[in-house]
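Listing of protein.pdb, PDB, C-alpha atoms
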```pdb
ATOM      1  CA  MET A   1      86.958 108.938 122.326
ATOM      2  CA  THR A   2      88.384 110.739 119.316
ATOM      3  CA  ALA A   3      91.940 110.318 118.046
ATOM      4  CA  THR A   4      94.695 110.729 120.580
ATOM      5  CA  SER A   5      96.144 114.219 120.681
ATOM      6  CA  PRO A   6      99.934 114.471 120.720
ATOM      7  CA  VAL A   7     100.916 116.169 123.967
ATOM      8  CA  THR A   8     104.144 116.767 125.785
ATOM      9  CA  ILE A   9     104.133 115.850 129.454
ATOM     10  CA  ARG A  10     106.586 117.984 131.380
ATOM     11  CA  PRO A  11     107.175 119.294 134.888
ATOM     12  CA  ALA A  12     104.898 122.186 135.743
ATOM     13  CA  ARG A  13     106.417 125.654 135.946
ATOM     14  CA  LEU A  14     105.356 128.619 138.011
ATOM     15  CA  ASP A  15     103.849 130.273 134.931
ATOM     16  CA  ASP A  16     101.562 127.212 134.500
ATOM     17  CA  VAL A  17      99.861 127.699 137.867
ATOM     18  CA  ALA A  18      97.005 129.874 136.556
ATOM     19  CA  ALA A  19      96.140 127.306 133.858
ATOM     20  CA  ILE A  20      96.276 124.490 136.419
ATOM     21  CA  ILE A  21      93.985 126.326 138.823
ATOM     22  CA  ALA A  22      91.559 127.084 135.988
ATOM     23  CA  MET A  23      91.310 123.342 135.250
ATOM     24  CA  LEU A  24      90.930 122.481 138.952
ATOM     25  CA  ALA A  25      88.090 125.010 139.235
ATOM     26  CA  ASP A  26      86.275 123.800 136.115
ATOM     27  CA  ASP A  27      83.483 121.798 137.761
ATOM     28  CA  HIS A  28      80.978 122.119 140.599
ATOM     29  CA  LEU A  29      83.392 120.699 143.178
ATOM     30  CA  GLY A  30      86.372 122.800 142.107
ATOM     31  CA  ARG A  31      84.400 126.028 141.901
ATOM     32  CA  ALA A  32      83.531 125.616 145.574
ATOM     33  CA  ARG A  33      87.141 125.229 146.738
ATOM     34  CA  GLU A  34      89.349 127.177 144.302
ATOM     35  CA  ARG A  35      89.740 130.942 143.924
ATOM     36  CA  LEU A  36      90.039 131.741 140.249
ATOM     37  CA  GLU A  37      91.104 135.378 140.429
ATOM     38  CA  ASP A  38      93.479 137.609 138.512
ATOM     39  CA  PRO A  39      95.981 137.765 140.013
ATOM     40  CA  LEU A  40      95.752 134.419 141.768
ATOM     41  CA  PRO A  41      95.974 134.429 145.559
ATOM     42  CA  ALA A  42      99.596 134.150 146.697
ATOM     43  CA  SER A  43      98.801 130.832 148.414
ATOM     44  CA  TYR A  44      98.864 129.056 145.038
ATOM     45  CA  CYS A  45     102.380 130.227 144.157
ATOM     46  CA  GLU A  46     103.578 129.451 147.679
ATOM     47  CA  ALA A  47     102.146 125.930 147.380
ATOM     48  CA  PHE A  48     103.792 125.501 143.983
ATOM     49  CA  GLU A  49     107.161 126.438 145.475
ATOM     50  CA  ARG A  50     106.726 123.846 148.262
ATOM     51  CA  LEU A  51     105.711 121.172 145.747
ATOM     52  CA  SER A  52     108.627 121.924 143.448
ATOM     53  CA  ARG A  53     111.126 121.440 146.300
ATOM     54  CA  ASP A  54     109.778 118.025 147.332
ATOM     55  CA  PRO A  55     111.555 115.168 145.503
ATOM     56  CA  ASN A  56     108.615 112.839 146.182
ATOM     57  CA  ILE A  57     106.090 115.034 144.396
ATOM     58  CA  ASN A  58     105.801 115.440 140.649
ATOM     59  CA  LEU A  59     103.400 118.076 139.380
ATOM     60  CA  VAL A  60     103.237 117.735 135.616
ATOM     61  CA  VAL A  61     101.278 119.294 132.798
ATOM     62  CA  ALA A  62     100.237 118.111 129.381
ATOM     63  CA  GLU A  63     101.101 120.725 126.795
ATOM     64  CA  GLU A  64      99.579 120.826 123.327
ATOM     65  CA  GLY A  65     100.639 123.467 120.834
ATOM     66  CA  GLY A  66     102.148 125.620 123.590
ATOM     67  CA  ARG A  67      98.971 125.478 125.705
ATOM     68  CA  VAL A  68      98.609 123.670 129.032
ATOM     69  CA  VAL A  69      95.676 121.306 128.498
ATOM     70  CA  GLY A  70      96.071 118.849 131.373
ATOM     71  CA  CYS A  71      97.703 118.318 134.734
ATOM     72  CA  LEU A  72      98.394 115.642 137.295
ATOM     73  CA  GLN A  73     100.204 115.332 140.604
ATOM     74  CA  LEU A  74     102.070 112.137 141.494
ATOM     75  CA  CYS A  75     103.154 111.674 145.097
ATOM     76  CA  ILE A  76     105.581 108.880 145.965
ATOM     77  CA  LEU A  77     104.723 107.686 149.454
ATOM     78  CA  PRO A  78     107.230 105.473 151.272
ATOM     79  CA  GLY A  79     105.649 102.998 153.635
ATOM     80  CA  LEU A  80     106.116 100.010 155.887
ATOM     81  CA  SER A  81     103.165  97.960 154.649
ATOM     82  CA  SER A  82     103.523  95.511 151.782
ATOM     83  CA  GLN A  83     107.045  94.712 152.914
ATOM     84  CA  GLY A  84     108.186  98.310 152.946
ATOM     85  CA  THR A  85     107.220  99.255 149.424
ATOM     86  CA  SER A  86     106.362 102.714 148.228
ATOM     87  CA  ARG A  87     103.086 103.610 146.571
ATOM     88  CA  GLY A  88     102.234 106.195 143.993
ATOM     89  CA  LEU A  89      99.327 108.480 144.819
ATOM     90  CA  ILE A  90      97.820 110.109 141.737
ATOM     91  CA  GLU A  91      95.939 113.324 142.396
ATOM     92  CA  ASP A  92      94.386 116.300 140.642
ATOM     93  CA  VAL A  93      94.075 114.716 137.200
ATOM     94  CA  ARG A  94      92.433 117.311 135.006
ATOM     95  CA  VAL A  95      92.066 117.971 131.297
ATOM     96  CA  ALA A  96      90.824 121.266 129.875
ATOM     97  CA  SER A  97      87.108 120.914 129.144
ATOM     98  CA  ASP A  98      87.538 121.632 125.425
ATOM     99  CA  ARG A  99      90.260 118.953 125.093
ATOM    100  CA  ARG A 100      88.568 116.016 126.833
ATOM    101  CA  SER A 101      87.970 112.640 125.160
ATOM    102  CA  ARG A 102      91.160 112.932 123.114
ATOM    103  CA  GLY A 103      93.393 110.607 125.147
ATOM    104  CA  ILE A 104      95.157 113.351 127.106
ATOM    105  CA  GLY A 105      94.013 112.105 130.506
ATOM    106  CA  GLU A 106      95.067 108.583 129.604
ATOM    107  CA  GLN A 107      98.505 109.801 128.563
ATOM    108  CA  LEU A 108      98.873 111.624 131.886
ATOM    109  CA  VAL A 109      97.814 108.613 133.945
ATOM    110  CA  GLN A 110     100.023 106.238 131.932
ATOM    111  CA  TRP A 111     102.946 108.624 132.507
ATOM    112  CA  ALA A 112     102.236 108.563 136.263
ATOM    113  CA  LEU A 113     102.031 104.764 136.353
ATOM    114  CA  GLY A 114     105.324 104.450 134.482
ATOM    115  CA  GLU A 115     107.006 106.970 136.759
ATOM    116  CA  ALA A 116     105.680 105.240 139.883
ATOM    117  CA  LYS A 117     107.022 101.884 138.662
ATOM    118  CA  ALA A 118     110.371 103.445 137.774
ATOM    119  CA  ARG A 119     110.575 104.882 141.301
ATOM    120  CA  GLY A 120     110.053 101.441 142.854
ATOM    121  CA  CYS A 121     106.359 101.630 143.677
ATOM    122  CA  LYS A 122     104.443  98.361 143.781
ATOM    123  CA  LEU A 123     101.033 100.042 143.920
ATOM    124  CA  ALA A 124      99.381 103.132 142.511
ATOM    125  CA  GLU A 125      96.192 104.539 143.910
ATOM    126  CA  LEU A 126      93.915 107.494 143.460
ATOM    127  CA  LEU A 127      90.754 108.948 144.840
ATOM    128  CA  THR A 128      87.916 110.369 142.830
ATOM    129  CA  HIS A 129      84.817 111.990 144.240
ATOM    130  CA  HIS A 130      81.814 109.684 144.385
ATOM    131  CA  THR A 131      79.832 112.081 142.160
ATOM    132  CA  ARG A 132      82.382 111.897 139.332
ATOM    133  CA  VAL A 133      80.965 108.801 137.659
ATOM    134  CA  ASP A 134      82.561 109.588 134.282
ATOM    135  CA  ALA A 135      85.960 109.758 135.967
ATOM    136  CA  GLN A 136      85.302 106.451 137.699
ATOM    137  CA  ARG A 137      84.521 104.775 134.355
ATOM    138  CA  PHE A 138      87.679 106.319 132.888
ATOM    139  CA  TYR A 139      89.886 104.937 135.675
ATOM    140  CA  GLU A 140      88.270 101.512 135.495
ATOM    141  CA  ARG A 141      88.958 101.441 131.748
ATOM    142  CA  LEU A 142      92.627 102.056 132.564
ATOM    143  CA  GLY A 143      92.705  99.076 134.932
ATOM    144  CA  PHE A 144      91.981 100.638 138.308
ATOM    145  CA  ALA A 145      89.583  98.720 140.544
ATOM    146  CA  LYS A 146      87.408  99.954 143.383
ATOM    147  CA  SER A 147      89.122  98.572 146.454
ATOM    148  CA  HIS A 148      88.740 100.920 149.430
ATOM    149  CA  ILE A 149      86.324 103.320 150.992
ATOM    150  CA  GLY A 150      87.820 106.802 150.887
ATOM    151  CA  MET A 151      87.155 109.169 153.732
ATOM    152  CA  THR A 152      88.180 112.763 154.230
ATOM    153  CA  ILE A 153      88.002 115.438 156.872
ATOM    154  CA  ARG A 154      88.447 119.120 156.128
ATOM    155  CA  PHE A 155      89.930 121.548 158.623
TER     156      PHE A 155
END
```

Could the structure of this file be written out as structure tokens, please?
Amino acid sequence: MTATSPVTIRPARLDDVAAIIAMLADDHLGRARERLEDPLPASYCEAFERLSRDPNINLVVAEEGGRVVGCLQLCILPGLSSQGTSRGLIEDVRVASDRRSRGIGEQLVQWALGEAKARGCKLAELLTHHTRVDAQRFYERLGFAKSHIGMTIRF
């Protein structure tokens, strides 16, 4: 990893959606599920509006020199297990391909862990696709441990 880049982590805005979708689409998995068009399909802006109204969801971006170079979504999930504690679910961690290996992803994840703790969570979890071995090494370096078998179903 090269030197850490100074970034500002801030709540995402509607005008960040295109940059976020571009990062989500920037690999073989994302290309198959995202629609990177100009203009973007209305479904993305509608989803952003729903996310921005939910107090348990934080969609943030990493900004460097006025450019969005990373993103992450933190969901605070209340629960009954573990004596009624909440958990933080970290999703959609992405860094622009030309800005990787500069500490931006780590800054985003550390922000999410701090926010989850501040919101009373006793556990943070994430899923990463089994083919993303570099991402798995990254998360393990940050202290995450493989603990569950993730399963999904698409409708």

Residues returned when the PyMOL selection byres ((chain A and resi 68) around 9) runs on this file, as a VMD selection string: chain A and resid 16 19 to 20 61 to 67 69 to 71 95 to 96

Print the selection's residues with C-alpha atoms to a file, as a CSV table (one decimal), keeping the file's coordinate frame.
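Heads up, here's the output in selection.csv:
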```csv
chain,number,residue,atom,x,y,z
A,16,ASP,CA,101.6,127.2,134.5
A,19,ALA,CA,96.1,127.3,133.9
A,20,ILE,CA,96.3,124.5,136.4
A,61,VAL,CA,101.3,119.3,132.8
A,62,ALA,CA,100.2,118.1,129.4
A,63,GLU,CA,101.1,120.7,126.8
A,64,GLU,CA,99.6,120.8,123.3
A,65,GLY,CA,100.6,123.5,120.8
A,66,GLY,CA,102.1,125.6,123.6
A,67,ARG,CA,99.0,125.5,125.7
A,69,VAL,CA,95.7,121.3,128.5
A,70,GLY,CA,96.1,118.8,131.4
A,71,CYS,CA,97.7,118.3,134.7
A,95,VAL,CA,92.1,118.0,131.3
A,96,ALA,CA,90.8,121.3,129.9
```

Test item: the PyMOL selection byres ((chain A and resi 90) around 7) resolved as a ChimeraX atom specification: /A:73-75,88-89,91,125-126

Could you check which of A:Ala145, A:Leu24, A:Leu59, A:Ala47 is closest to Ala12 (chain A), using only C-alpha atoms?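 Looking only at the distances to Ala12 (chain A), the closest residue turns out to be A:Leu59.
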
Using only C-alpha atoms, the residue out of A:Pro39, A:His129, A:Glu106, A:Ser101 with shortest distance to Gly143 (chain A) is A:Glu106

Care to translate the PyMOL selection byres ((chain A and resi 45) around 12) into actual residues of this file, as an NGL selection string? :A and (12-18 or 20-21 or 39-44 or 46-52)

Taking 2 positions as the minimum chain separation for residues in the same chain, which residues sit within 9 Å of Ser97 (chain A) when counting all atoms listed in the file? Answer as a list in words. Met23, Asp26, Val69, Arg94, Val95, Arg99 and Arg100 of chain A

In Å, how far is it from CA of His130 (chain A) to CA of Leu142 (chain A)? 17.7 Å

Is there a way to complete region 30-45 of chain A with N, CA, C and O atoms and then write that out as an mmCIF file, in the frame of the given file?
```cif
data_model
loop_
_atom_site.group_PDB
_atom_site.id
_atom_site.type_symbol
_atom_site.label_atom_id
_atom_site.label_comp_id
_atom_site.auth_asym_id
_atom_site.auth_seq_id
_atom_site.Cartn_x
_atom_site.Cartn_y
_atom_site.Cartn_z
ATOM 1 N N GLY A 30 85.239 121.883 142.134
ATOM 2 C CA GLY A 30 86.372 122.800 142.107
ATOM 3 C C GLY A 30 85.980 124.250 142.304
ATOM 4 O O GLY A 30 86.697 125.009 142.970
ATOM 5 N N ARG A 31 84.847 124.646 141.731
ATOM 6 C CA ARG A 31 84.400 126.028 141.901
ATOM 7 C C ARG A 31 84.181 126.369 143.364
ATOM 8 O O ARG A 31 84.366 127.513 143.771
ATOM 9 N N ALA A 32 83.808 125.372 144.161
ATOM 10 C CA ALA A 32 83.531 125.616 145.574
ATOM 11 C C ALA A 32 84.804 125.728 146.412
ATOM 12 O O ALA A 32 84.769 126.281 147.506
ATOM 13 N N ARG A 33 85.937 125.213 145.898
ATOM 14 C CA ARG A 33 87.141 125.229 146.738
ATOM 15 C C ARG A 33 88.290 126.051 146.173
ATOM 16 O O ARG A 33 89.234 126.353 146.895
ATOM 17 N N GLU A 34 88.262 126.396 144.899
ATOM 18 C CA GLU A 34 89.349 127.177 144.302
ATOM 19 C C GLU A 34 88.951 128.646 144.196
ATOM 20 O O GLU A 34 87.770 128.978 144.161
ATOM 21 N N ARG A 35 89.958 129.500 144.116
ATOM 22 C CA ARG A 35 89.740 130.942 143.924
ATOM 23 C C ARG A 35 90.380 131.337 142.609
ATOM 24 O O ARG A 35 91.589 131.561 142.534
ATOM 25 N N LEU A 36 89.576 131.403 141.590
ATOM 26 C CA LEU A 36 90.039 131.741 140.249
ATOM 27 C C LEU A 36 89.946 133.253 140.081
ATOM 28 O O LEU A 36 88.935 133.800 139.664
ATOM 29 N N GLU A 37 91.040 133.920 140.448
ATOM 30 C CA GLU A 37 91.104 135.378 140.429
ATOM 31 C C GLU A 37 92.319 135.811 139.632
ATOM 32 O O GLU A 37 93.224 135.027 139.387
ATOM 33 N N ASP A 38 92.329 137.060 139.226
ATOM 34 C CA ASP A 38 93.479 137.609 138.512
ATOM 35 C C ASP A 38 93.899 138.891 139.231
ATOM 36 O O ASP A 38 93.164 139.885 139.166
ATOM 37 N N PRO A 39 95.025 138.858 139.926
ATOM 38 C CA PRO A 39 95.981 137.765 140.013
ATOM 39 C C PRO A 39 95.494 136.693 140.991
ATOM 40 O O PRO A 39 94.636 136.956 141.839
ATOM 41 N N LEU A 40 96.079 135.512 140.863
ATOM 42 C CA LEU A 40 95.752 134.419 141.768
ATOM 43 C C LEU A 40 96.199 134.768 143.184
ATOM 44 O O LEU A 40 97.189 135.487 143.362
ATOM 45 N N PRO A 41 95.495 134.246 144.179
ATOM 46 C CA PRO A 41 95.974 134.429 145.559
ATOM 47 C C PRO A 41 97.401 133.888 145.703
ATOM 48 O O PRO A 41 97.760 132.878 145.077
ATOM 49 N N ALA A 42 98.189 134.528 146.503
ATOM 50 C CA ALA A 42 99.596 134.150 146.697
ATOM 51 C C ALA A 42 99.740 132.715 147.204
ATOM 52 O O ALA A 42 100.761 132.072 146.964
ATOM 53 N N SER A 43 98.723 132.190 147.863
ATOM 54 C CA SER A 43 98.801 130.832 148.414
ATOM 55 C C SER A 43 99.078 129.794 147.333
ATOM 56 O O SER A 43 99.743 128.784 147.597
ATOM 57 N N TYR A 44 98.615 130.013 146.113
ATOM 58 C CA TYR A 44 98.864 129.056 145.038
ATOM 59 C C TYR A 44 100.348 129.028 144.645
ATOM 60 O O TYR A 44 100.920 127.961 144.461
ATOM 61 N N CYS A 45 100.956 130.185 144.522
ATOM 62 C CA CYS A 45 102.380 130.227 144.157
ATOM 63 C C CYS A 45 103.238 129.696 145.303
ATOM 64 O O CYS A 45 104.248 129.011 145.056
#
```
